[in-house]
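Visitor: Here it is, the structure in full.
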Amino acid sequence: MSRRGITACSPERAPKGEWMYGSCTGRSCHVARTRIRALSAAGALLSFVALSGCFGASKGDSDHASLAGQAKQRPKSTIPYWVNPDGSAARQAAAYRKKGADGEARLIQKIAEQPVAEWLGVDDPEGQARGFTAAADHVNRDALLVFYNIPHRDCGQYSKGGAADGNAYRTWLDKAVRGIGNRRATVILEPDALPHVVDGCAPKRYDLLSGAVDKLKGLPRTKVYLDAGNPHWIKDPRRMVEPLKRAGIRKADGFALNTSNYQTTQENRAYGKRLSALTGGKRFVIDTSRNGNGPAPGKDDPQAWCNPKGRALGERPTTDTGDKLVDAYLWIKRPGESDGTCKGGPTAGRWWPRYALDLARNANSKDS
């Protein structure tokens, strides 16, 4: 059940004025390295790399340097996560403004002004993790990261890929962990991995997941949430309990629900509370990036999860959920990315302006 998109992308295939998010995993992905310089307390220059990803055009580090820290950051009391000033939505909004399409720019700005997760790619996990966490730390915010490189990822569907084997995954993981270091980060760990074990599609990879939890929780300021699917995928939360335990939920901060899906916040919250009660009161986060109108109606479409029409942005990211068990509403899936080559969409993970505009246009004003 593919529900997200992180695949190889190459900038030469990006239409003019349309940008791609920065977590593509293919070796053809030319990572745009943004050098951000800031004066330290001692007056020396601090230099680090913020990886913005697979963009259509790059004019070099010096041209991007001015972007550092310029995005308006949300109040930390509401949401502590970093807003990337050089993300695809920000670039798309700028492109619309440049050609005088102010209405479209205002719609895309609804996405650009929110913190969204950064999905680490294959080629340079250490550099990416260091870049994102350093950029966030520079403006006193936390980085929100997704680790998505487990072997046999997505069961060979739209987001297929991942490490070649367990050893390759451990090597990749060690690099990503080094990149985070002592900076603040929250990691959503391996979307799909456990639900695909439960539904019988994927082999049991508990050792890789529990090992990842151990290493991430060995860092001084990193939170970890294991992905636990959504209430319409693994409908009985009791089926998720043993896999979560074997994957290290005891040491993790909690679990994540609805990653890249469209199920309502209310339904996820109810499901999460049932699962929490079965896992010793573990807290959880909910992906609200595209669930403003809930899932697509009807049951006849076997790919109702893939680029469904009429969907909307959901609740804005916040840690003020009003529920002691719900740590945050997060935008884990980046709104505007395609779920895959279905319903007219581009390849999985590719920025799709038309879909982004629809999500923003359909959003309830109180949500976004």
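Residues in the structure tokens are named by chain (A, B, ... in the order shown) and by number from 1 within that chain; ligands are numbered from 1 in the order shown.
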Would you please extract all alpha helix (DSSP H) residues from range 56-264 of chain A, as assigned by DSSP on the backbone, and give them as a PyMOL selection string?

Guide: chain A and resi 61-65+88-98+102-112+125-138+166-180+193-198+206-217+238-246

Visitor: Counting only C-alpha atoms, which residues of range 271-350 of chain A sit at most 8 Å from some atom of range 233-240 of chain A, and what is each one's closest atom pair with its distance in Å to one decimal, listed by chain and rising residue number, as a tab-separated table?

Guide:
residue	atom	partner	partner_atom	distance
A:Tyr271	CA	A:Pro237	CA	7.1
A:Arg274	CA	A:Pro237	CA	6.9
A:Leu275	CA	A:Pro237	CA	5.4
A:Leu278	CA	A:Arg238	CA	7.3

Visitor: Nearest residue to Gly87 in chain A out of A:Glu337, A:Asp102, A:Asp323, A:Asp358, using only C-alpha atoms?

Guide: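 The answer is A:Glu337, which sits nearest to Gly87 in chain A.
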
Visitor: Identify, on the basis of only C-alpha atoms, every residue whose closest approach to Trp82 in chain A does not exceed 6 Å; exclude the query and any residue fewer than 4 positions from it along the same chain; express the result as a ChimeraX atom specification.

Guide: /A:115,136,141-143

Visitor: Pick out the closest residue to Val187 in chain A from this set: A:Lys76, A:His138, A:Lys217, A:Arg283. Count only C-alpha atoms.

Guide: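 Using only C-alpha atoms, the shortest distance to Val187 in chain A belongs to A:Lys217.
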
Visitor: Under the rule that only C-alpha atoms are counted, which of A:Thr321, A:Ser289, A:Thr222, A:Ser210 is the nearest residue to Lys110 in chain A?

Guide: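 Using only C-alpha atoms, the shortest distance to Lys110 in chain A belongs to A:Ser289.
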
Visitor: Quote the spacing between CA of Ala363 in chain A and CA of Asn293 in chain A in Å to one decimal place.

Guide: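 So the answer is 7.8 Å.
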
Visitor: Could you check which of A:Ile180, A:Val197, A:Leu189, A:Cys306 is closest to Arg221 in chain A, using only C-alpha atoms?

Guide: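 Between A:Ile180, A:Val197, A:Leu189, A:Cys306, the residue approaching Arg221 in chain A most closely is A:Ile180.
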
Visitor: Tell me, as a PDB file with N, CA and C atoms, in the first residue's frame, which residues lie within 10 Å of Leu107 in chain A, counting only C-alpha atoms; anything in the same chain fewer than 4 positions away does not count.

Guide:
ATOM      1  N   ALA A  89       7.637  24.723  -1.865  1.00  0.00           N
ATOM      2  CA  ALA A  89       6.478  25.617  -1.824  1.00  0.00           C
ATOM      3  C   ALA A  89       6.921  27.073  -1.826  1.00  0.00           C
ATOM      4  N   ALA A  93       5.884  29.651  -4.721  1.00  0.00           N
ATOM      5  CA  ALA A  93       5.206  30.912  -4.433  1.00  0.00           C
ATOM      6  C   ALA A  93       5.973  32.089  -5.038  1.00  0.00           C
ATOM      7  N   ASP A 102      -0.620  36.447  -8.382  1.00  0.00           N
ATOM      8  CA  ASP A 102      -0.661  36.682  -6.940  1.00  0.00           C
ATOM      9  C   ASP A 102      -1.633  35.757  -6.215  1.00  0.00           C
ATOM     10  N   GLY A 103      -2.756  35.425  -6.863  1.00  0.00           N
ATOM     11  CA  GLY A 103      -3.717  34.528  -6.232  1.00  0.00           C
ATOM     12  C   GLY A 103      -3.128  33.157  -5.978  1.00  0.00           C
ATOM     13  N   ILE A 111       1.190  26.748   2.306  1.00  0.00           N
ATOM     14  CA  ILE A 111       2.079  25.608   2.536  1.00  0.00           C
ATOM     15  C   ILE A 111       3.473  26.097   2.929  1.00  0.00           C
ATOM     16  N   ALA A 112       3.953  27.107   2.210  1.00  0.00           N
ATOM     17  CA  ALA A 112       5.335  27.570   2.409  1.00  0.00           C
ATOM     18  C   ALA A 112       5.589  28.079   3.810  1.00  0.00           C
ATOM     19  N   ALA A 356      -0.906  20.899  -5.303  1.00  0.00           N
ATOM     20  CA  ALA A 356      -0.668  21.799  -4.175  1.00  0.00           C
ATOM     21  C   ALA A 356      -1.708  22.913  -4.142  1.00  0.00           C
ATOM     22  N   LEU A 357      -2.014  23.481  -5.292  1.00  0.00           N
ATOM     23  CA  LEU A 357      -3.019  24.540  -5.368  1.00  0.00           C
ATOM     24  C   LEU A 357      -4.390  24.024  -4.926  1.00  0.00           C
ATOM     25  N   ASP A 358      -4.744  22.820  -5.351  1.00  0.00           N
ATOM     26  CA  ASP A 358      -6.044  22.255  -4.965  1.00  0.00           C
ATOM     27  C   ASP A 358      -6.116  22.044  -3.452  1.00  0.00           C
ATOM     28  N   LEU A 359      -5.054  21.514  -2.868  1.00  0.00           N
ATOM     29  CA  LEU A 359      -5.041  21.301  -1.417  1.00  0.00           C
ATOM     30  C   LEU A 359      -5.249  22.618  -0.667  1.00  0.00           C
ATOM     31  N   ALA A 360      -4.551  23.651  -1.121  1.00  0.00           N
ATOM     32  CA  ALA A 360      -4.658  24.944  -0.455  1.00  0.00           C
ATOM     33  C   ALA A 360      -6.008  25.600  -0.708  1.00  0.00           C
ATOM     34  N   ARG A 361      -6.499  25.481  -1.920  1.00  0.00           N
ATOM     35  CA  ARG A 361      -7.786  26.090  -2.282  1.00  0.00           C
ATOM     36  C   ARG A 361      -8.938  25.460  -1.507  1.00  0.00           C
ATOM     37  N   ASN A 362      -8.847  24.165  -1.252  1.00  0.00           N
ATOM     38  CA  ASN A 362      -9.929  23.443  -0.579  1.00  0.00           C
ATOM     39  C   ASN A 362      -9.859  23.537   0.943  1.00  0.00           C
ATOM     40  N   ALA A 363      -8.789  24.117   1.454  1.00  0.00           N
ATOM     41  CA  ALA A 363      -8.563  24.113   2.895  1.00  0.00           C
ATOM     42  C   ALA A 363      -9.556  25.004   3.621  1.00  0.00           C
ATOM     43  N   SER A 368      -5.892  26.315   7.892  1.00  0.00           N
ATOM     44  CA  SER A 368      -4.670  26.783   7.241  1.00  0.00           C
ATOM     45  C   SER A 368      -4.652  28.286   7.041  1.00  0.00           C
TER      46      SER A 368
END

Visitor: Could you name the residues that touch Asp227 in chain A at 10 Å or less, counting only C-alpha atoms, but leaving out those on the same chain fewer than 6 positions away, as a count of residues only?

Guide: 17

Visitor: From a backbone DSSP assignment, name each residue in range 247-298 of chain A labelled strand (DSSP E or B), as a list of chain:residue names.

Guide: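 In range 247-298 of chain A, DSSP puts these residues in strand (DSSP E or B): A:Gly254, A:Phe255, A:Ala256, A:Leu257, A:Arg283, A:Phe284, A:Val285, A:Ile286, A:Asp287, A:Asn291.
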
Visitor: Using only C-alpha atoms, can you tell me which of A:Val177, A:Val83, A:Ala247, A:Leu144 comes closest to Asp207 in chain A?

Guide: A:Ala247

Visitor: Could you tell me which of A:Arg290, A:His232, A:Lys245, A:Lys223 comes closest to Asp327 in chain A if we count only C-alpha atoms?

Guide: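 Of all the options, A:Lys223 lies closest to Asp327 in chain A.
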
Visitor: State, in Å with one decimal place, the distance from CA of Asn268 in chain A to CA of Pro231 in chain A.

Guide: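 CA of Asn268 in chain A sits 6.4 Å away from CA of Pro231 in chain A.
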
Visitor: May I have the residues within 8 Å of range 294-296 of chain A as a compact mmCIF listing (two decimals) with N, CA, C and O atoms, in the first residue's frame, using only C-alpha atoms and disregarding those fewer than 6 positions away in the same chain?

Guide:
# COMPACT_ATOMS: atom_id res chain seq x y z
N ASN A 261 -1.27 10.01 4.55
CA ASN A 261 -2.62 9.57 4.25
C ASN A 261 -3.62 10.69 4.54
O ASN A 261 -3.24 11.81 4.87
N TYR A 262 -4.90 10.36 4.40
CA TYR A 262 -5.95 11.38 4.39
C TYR A 262 -7.02 11.16 5.46
O TYR A 262 -8.03 11.86 5.47
N GLN A 263 -6.81 10.20 6.35
CA GLN A 263 -7.83 9.91 7.36
C GLN A 263 -7.98 11.10 8.32
O GLN A 263 -7.01 11.81 8.60
N THR A 264 -9.16 11.29 8.83
CA THR A 264 -9.43 12.48 9.63
C THR A 264 -8.65 12.48 10.94
O THR A 264 -8.30 11.43 11.48
N ALA A 304 -7.45 4.65 -3.64
CA ALA A 304 -8.07 5.87 -3.11
C ALA A 304 -7.08 6.72 -2.34
O ALA A 304 -7.31 7.91 -2.13
N TRP A 305 -5.98 6.12 -1.90
CA TRP A 305 -4.95 6.83 -1.15
C TRP A 305 -4.01 7.62 -2.06
O TRP A 305 -3.20 8.42 -1.59
N PRO A 308 -5.85 11.44 -4.48
CA PRO A 308 -7.29 11.59 -4.63
C PRO A 308 -7.68 13.05 -4.84
O PRO A 308 -7.03 13.97 -4.32
N LYS A 309 -8.72 13.25 -5.60
CA LYS A 309 -9.18 14.61 -5.90
C LYS A 309 -9.98 15.17 -4.72
O LYS A 309 -10.52 14.43 -3.91
N GLY A 310 -10.04 16.48 -4.67
CA GLY A 310 -10.88 17.14 -3.69
C GLY A 310 -10.37 17.15 -2.27
O GLY A 310 -11.09 17.50 -1.35
N ARG A 311 -9.10 16.79 -2.06
CA ARG A 311 -8.57 16.78 -0.71
C ARG A 311 -8.10 18.19 -0.32
O ARG A 311 -8.01 19.07 -1.15
N ALA A 312 -7.78 18.36 0.95
CA ALA A 312 -7.45 19.69 1.46
C ALA A 312 -6.37 19.63 2.53
O ALA A 312 -6.20 18.60 3.20

Visitor: Give me, as a PyMOL selection string, all polymer residues having an atom no more than 9 Å from Ala163 in chain A, counting only C-alpha atoms and skipping those fewer than 4 positions away in the same chain.

Guide: chain A and resi 122+149-153+167-170+172
